[in-house]
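Report on the structure given below.
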Amino acid sequence: MNYIDIAKSQIDSVINKAVQTAAEKGLIPSGDKLNGIVEIPRDTANGDYAATHAMAGAKTLRMAPKKIAELLVSEMELDGTYIEKVEIAGPGFMNFTMNAGWYGDVIANIDCEGADYGRSDIGKGERVMVEFVSANPTGPMTIGNARGGVLGDTLASVLDYAGYQVWREFYVNNAGNQVDLFGKSIEARYLQRCLGEDAVEFPDNGYHGDDIRALAEKIYEKDGDKYVNVPSEERTAAFVAFGLPHNIALMQQHLERYRIHFDQWFLESELHESGYVAETVQLLADGGYTYEKDGALWLKNTAFGADKDEVLRRSNGFYTYYAVDIAYHRNKFVVRDFDKVIDVWGADHHGHSIRFKATMTSPALGIDPEKLHFLIMQMVRLTRDGETIKVSKRTGKALTLNDLLDEISVDACRFFFNAKPDTHLEFDLGLAVRQDSENPVYYVQYAHARICSLLAALEQAGYPVKKACDLDLSVLSGETERELIKQLSLLPEEIKLAARDYDPSRINRYVIELAARFHRFYNACRIKGEENAILNARLKLADVTRQAIRNCLSIIGVSAPEKM
RNA sequence: GCGCCUGUAGCUCAGCUGGAUAGAGUGCACGGCUACGAACCGUGAGACCGGGGGUUCGAGUCCCUUCAGGCGUACCA
């Protein structure tokens, strides 16, 4: 249950009935619905909820906002609602205060829903795929993947809570140019290992990382110099066949460490081998959306509104990533029939996403482009002592995800990287180690641990937590108590908004505020030693807060420790 | 040049479909455990919301323009 919705809809209907009554009595010109909204005021002095209808209706009713508010309030029927009182303030706000019954029911509801508190069915069981990370298997994952991983995984959890049927997928680029380069890079290191550093030149644009040397070394340990005298093509093929599975297994291992688990690792090679890429390109050609130029096959993407055309098949006969991507998305929608697909991409792909969206409108593909959403996350800026560090996988200077996890706990890392997608995230390496004490994740975890020991201590003293329905929760009328309950009531709404806006970082901000309000309550209100009615009610409040924090941390993929 | 993202307190960032006196955290200065966890709480100082126009009862939020930074604009992915 969403007690925000309940309160808002009650207020909305009370206002609309008042408008009708006033119109019937001839106090206002018409009984049309007024356009205002019901919102939660920042300042608690302005009540629990505020309605703007009187101000919004000033023009159509040709009356002063305050006058309208006075009229409406005098015609309001509050019986049978959660509303305790209505006050008029400021330029014409109608401020509503909820009664103790509402506050009590918020707690009783959480008590009843438990681990499911926050769930809703706005997703209606639609099947949604979240494709994320999808890092090239040519090297280790970077700090950018650390961000994309948390973003995708947490978004998937949010969508799950919002009632979608979620599928997590990793797209493995195990074919194409970069893989060739990968093979040639290992080849060069291998030959250098066998014949000496100066024996062969390292390929232009090759992968310079130490991981490539390590792969060459592994091959040498296993097979010695048996590849020195075989044709280059055969040699690189063997190295790729060894290197890719090795790297993919490593990525899986590191992502599991990062608490990310995919439902599927989809291999690009399958699209080639099944002939699906060729078939998809043929569809576009048959539709008349392609042309040949300089020996290559081009897609008339400008016909779909893009700013440029794209090469689908290079003059050397190989398909481009673009053609393969089209085939992959056709597979997602046409073959696997997902209702919605979200691709989490870095900002360095945003130009591609715009052009790709245009391609998706092609009638030849049979895809509804509205079902595809790109979540573009901005780059992580790595700095050390305020200076920006340029990172590149090719030069091998990137800080890897696994290195990062050696320094920072998974909890802190996941919490830190669950930031708003469209902000440029700054990550200071000098601060990385200190991140432990600075990261707000510990603030939230502390609140959880605190509640756990509190409940344990009180239970030991003979005060176990009771069921909400056996308690008189109306005694929770203090300011810190009510502020905490209000925050608790907000969780289902927050998850809904996070799902709607594809912004799982809302959960971070929500749970920090929830922890803050608990700490405030805890400092202001004693539990032990109070008379039984108050003791039991406050204990219950602490208990449902623990539950809500737990649910949030579970969405973010952060542990909820009972002791710290 | 064109396209996308960003510009809010010293620093890192919130600000929901326009709403009341622009908020946190951190840092700084103070104060709070003979009381359920002080990894906590409270008080104070700190903001021409990048600049300039416009829309209206009302703009950090919408529109135009301008400046600054990031990322794109490959027969790489």
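Chain labels follow the order of the structure tokens: the first chain is A, the next B, and so on; residue numbering restarts at 1 in every chain, and ligands are counted from 1 in their shown order.
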Which residues of chain B come within 10 Å of chain A, and for each one, what is the closest pair of atoms and their distance in Å to one decimal, counting only C-alpha atoms (C1' of nucleotides), sorted by chain and residue number, as a tab-separated table?
residue	atom	partner	partner_atom	distance
B:C2	C1'	A:Asp307	CA	9.4
B:G3	C1'	A:Gly351	CA	7.5
B:C4	C1'	A:His350	CA	6.7
B:C5	C1'	A:Asp422	CA	6.3
B:U6	C1'	A:Thr423	CA	6.5
B:U12	C1'	A:Glu426	CA	8.7
B:C13	C1'	A:Ala419	CA	9.6
B:A14	C1'	A:Arg509	CA	7.9
B:C16	C1'	A:Leu497	CA	8.3
B:U17	C1'	A:Ile37	CA	9.4
B:G19	C1'	A:Thr52	CA	7.7
B:A20	C1'	A:Gly90	CA	5.9
B:U21	C1'	A:Asp43	CA	9.8
B:G23	C1'	A:Arg42	CA	9.2
B:A24	C1'	A:Glu513	CA	8.8
B:G25	C1'	A:Pro440	CA	8.2
B:U26	C1'	A:Glu438	CA	8.2
B:A35	C1'	A:Arg526	CA	8.6
B:C36	C1'	A:Leu454	CA	5.5
B:G37	C1'	A:Arg450	CA	5.7
B:A39	C1'	A:Tyr446	CA	6.5
B:C40	C1'	A:His519	CA	6.7
B:C41	C1'	A:Asn523	CA	6.0
B:G42	C1'	A:Arg520	CA	9.7
B:C57	C1'	A:Met55	CA	7.8
B:G58	C1'	A:Pro91	CA	9.5
B:G70	C1'	A:His424	CA	7.6
B:C71	C1'	A:Asp348	CA	5.6
B:G72	C1'	A:Gly351	CA	5.3
B:U73	C1'	A:Gly351	CA	7.3
B:A74	C1'	A:Val311	CA	9.9
B:C75	C1'	A:Arg314	CA	4.6
B:C76	C1'	A:Asn177	CA	7.0
B:A77	C1'	A:Tyr321	CA	6.4
Checklist entry - Quick one: DSSP alpha helix (DSSP H) residues in stretch 160-247 of chain A, as a VMD selection string? => result chain A and resid 160 to 161 177 to 195 210 to 223 232 to 247
Could the residues in this selection be saved with C-alpha atoms as a PDB file, in the first residue's frame?
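Result file again_11.pdb:
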ATOM      1  CA  ASP A 160      11.676  -5.592 -10.050  1.00  0.00           C
ATOM      2  CA  TYR A 161      10.244  -3.840  -6.979  1.00  0.00           C
ATOM      3  CA  ASN A 177      37.871  -5.820 -35.102  1.00  0.00           C
ATOM      4  CA  GLN A 178      38.685  -5.398 -31.438  1.00  0.00           C
ATOM      5  CA  VAL A 179      38.919  -9.137 -30.998  1.00  0.00           C
ATOM      6  CA  ASP A 180      41.321  -9.356 -33.954  1.00  0.00           C
ATOM      7  CA  LEU A 181      43.416  -6.691 -32.342  1.00  0.00           C
ATOM      8  CA  PHE A 182      43.271  -8.598 -29.076  1.00  0.00           C
ATOM      9  CA  GLY A 183      44.635 -11.688 -30.833  1.00  0.00           C
ATOM     10  CA  LYS A 184      47.393  -9.702 -32.508  1.00  0.00           C
ATOM     11  CA  SER A 185      48.343  -8.087 -29.229  1.00  0.00           C
ATOM     12  CA  ILE A 186      48.753 -11.437 -27.507  1.00  0.00           C
ATOM     13  CA  GLU A 187      50.641 -12.692 -30.534  1.00  0.00           C
ATOM     14  CA  ALA A 188      53.143  -9.864 -30.296  1.00  0.00           C
ATOM     15  CA  ARG A 189      53.701 -10.442 -26.594  1.00  0.00           C
ATOM     16  CA  TYR A 190      54.027 -14.168 -27.144  1.00  0.00           C
ATOM     17  CA  LEU A 191      56.631 -13.765 -29.875  1.00  0.00           C
ATOM     18  CA  GLN A 192      58.482 -11.228 -27.766  1.00  0.00           C
ATOM     19  CA  ARG A 193      58.467 -13.766 -24.958  1.00  0.00           C
ATOM     20  CA  CYS A 194      59.851 -16.483 -27.212  1.00  0.00           C
ATOM     21  CA  LEU A 195      62.196 -14.506 -29.440  1.00  0.00           C
ATOM     22  CA  ASP A 210      49.875  -6.076 -18.507  1.00  0.00           C
ATOM     23  CA  ASP A 211      46.965  -8.494 -18.743  1.00  0.00           C
ATOM     24  CA  ILE A 212      47.948  -9.163 -22.363  1.00  0.00           C
ATOM     25  CA  ARG A 213      51.511 -10.036 -21.301  1.00  0.00           C
ATOM     26  CA  ALA A 214      50.063 -12.293 -18.629  1.00  0.00           C
ATOM     27  CA  LEU A 215      47.944 -14.127 -21.190  1.00  0.00           C
ATOM     28  CA  ALA A 216      50.971 -14.608 -23.448  1.00  0.00           C
ATOM     29  CA  GLU A 217      52.915 -15.915 -20.489  1.00  0.00           C
ATOM     30  CA  LYS A 218      50.159 -18.384 -19.634  1.00  0.00           C
ATOM     31  CA  ILE A 219      50.184 -19.675 -23.193  1.00  0.00           C
ATOM     32  CA  TYR A 220      53.946 -19.979 -23.099  1.00  0.00           C
ATOM     33  CA  GLU A 221      53.832 -21.903 -19.843  1.00  0.00           C
ATOM     34  CA  LYS A 222      51.242 -24.260 -21.296  1.00  0.00           C
ATOM     35  CA  ASP A 223      52.543 -24.788 -24.830  1.00  0.00           C
ATOM     36  CA  SER A 232      49.955 -15.960 -38.033  1.00  0.00           C
ATOM     37  CA  GLU A 233      46.281 -16.463 -38.751  1.00  0.00           C
ATOM     38  CA  GLU A 234      46.215 -19.843 -37.099  1.00  0.00           C
ATOM     39  CA  ARG A 235      48.267 -18.553 -34.185  1.00  0.00           C
ATOM     40  CA  THR A 236      46.048 -15.563 -33.392  1.00  0.00           C
ATOM     41  CA  ALA A 237      42.956 -17.748 -33.719  1.00  0.00           C
ATOM     42  CA  ALA A 238      44.379 -20.082 -31.098  1.00  0.00           C
ATOM     43  CA  PHE A 239      45.283 -17.182 -28.838  1.00  0.00           C
ATOM     44  CA  VAL A 240      41.812 -15.657 -29.128  1.00  0.00           C
ATOM     45  CA  ALA A 241      40.277 -19.038 -28.426  1.00  0.00           C
ATOM     46  CA  PHE A 242      42.350 -19.174 -25.262  1.00  0.00           C
ATOM     47  CA  GLY A 243      42.189 -15.522 -24.239  1.00  0.00           C
ATOM     48  CA  LEU A 244      38.503 -14.739 -24.602  1.00  0.00           C
ATOM     49  CA  PRO A 245      37.088 -17.511 -22.414  1.00  0.00           C
ATOM     50  CA  HIS A 246      39.807 -16.725 -19.897  1.00  0.00           C
ATOM     51  CA  ASN A 247      38.820 -13.053 -19.799  1.00  0.00           C
TER      52      ASN A 247
END
Checklist entry - Please, which residues of stretch 11-128 of chain A, numbered as in this document, come out strand (DSSP E or B) from DSSP, as an MDAnalysis selection string? => result chainID A and resid 38:39 49:51 83:89 93:98 127:128
Each stretch 458-527 of chain A residue no farther than 7 Å from stretch 113-125 of chain A, nearest pair in Å, only C-alpha atoms, as JSON lines:
{"residue": "A:Leu491", "atom": "CA", "partner": "A:Gly118", "partner_atom": "CA", "distance": 5.5}
{"residue": "A:Pro492", "atom": "CA", "partner": "A:Gly118", "partner_atom": "CA", "distance": 4.1}
{"residue": "A:Ile495", "atom": "CA", "partner": "A:Gly118", "partner_atom": "CA", "distance": 6.8}
Next on the checklist: Can you pull out the residues contacting stretch 29-31 of chain B? Cut-off 9 Å, using only C-alpha atoms (C1' of nucleotides), and skip same-chain residues under 6 positions away; I want them as a ChimeraX atom specification.
Outcome noted: /B:42-45
Take the residues from that selection and put them in a file with N, CA and C atoms (P, O5', C5', C4', C3', O3' and C1' of nucleotides), as a CSV table (one decimal), in the first residue's frame.
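File produced: result_8.csv:
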chain,number,residue,atom,x,y,z
B,42,G,P,20.3,16.8,14.3
B,42,G,O5',20.5,18.0,15.4
B,42,G,C5',19.6,18.3,16.3
B,42,G,C4',20.1,19.3,17.3
B,42,G,C3',20.6,20.6,16.7
B,42,G,O3',19.5,21.5,16.4
B,42,G,C1',22.2,19.9,18.2
B,43,U,P,19.6,22.5,15.2
B,43,U,O5',20.6,23.6,15.7
B,43,U,C5',20.2,24.5,16.8
B,43,U,C4',21.3,25.4,17.2
B,43,U,C3',21.9,26.2,16.0
B,43,U,O3',21.1,27.3,15.7
B,43,U,C1',23.7,25.3,17.2
B,44,G,P,21.0,27.9,14.2
B,44,G,O5',22.5,28.5,14.1
B,44,G,C5',22.9,29.7,14.9
B,44,G,C4',24.3,30.0,14.6
B,44,G,C3',24.7,30.3,13.1
B,44,G,O3',24.3,31.6,12.8
B,44,G,C1',26.3,28.9,14.1
B,45,A,P,23.8,31.9,11.2
B,45,A,O5',25.2,32.2,10.5
B,45,A,C5',26.0,33.3,10.9
B,45,A,C4',27.4,33.0,10.4
B,45,A,C3',27.6,32.8,8.9
B,45,A,O3',27.6,34.1,8.2
B,45,A,C1',28.7,31.1,10.0
Item to check | Interatomic distance, atom CA of A:Gln20 to atom CA of A:Asp32 (Å, one decimal) | outcome: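 Rounded to one decimal, the two atoms are 7.6 Å apart.
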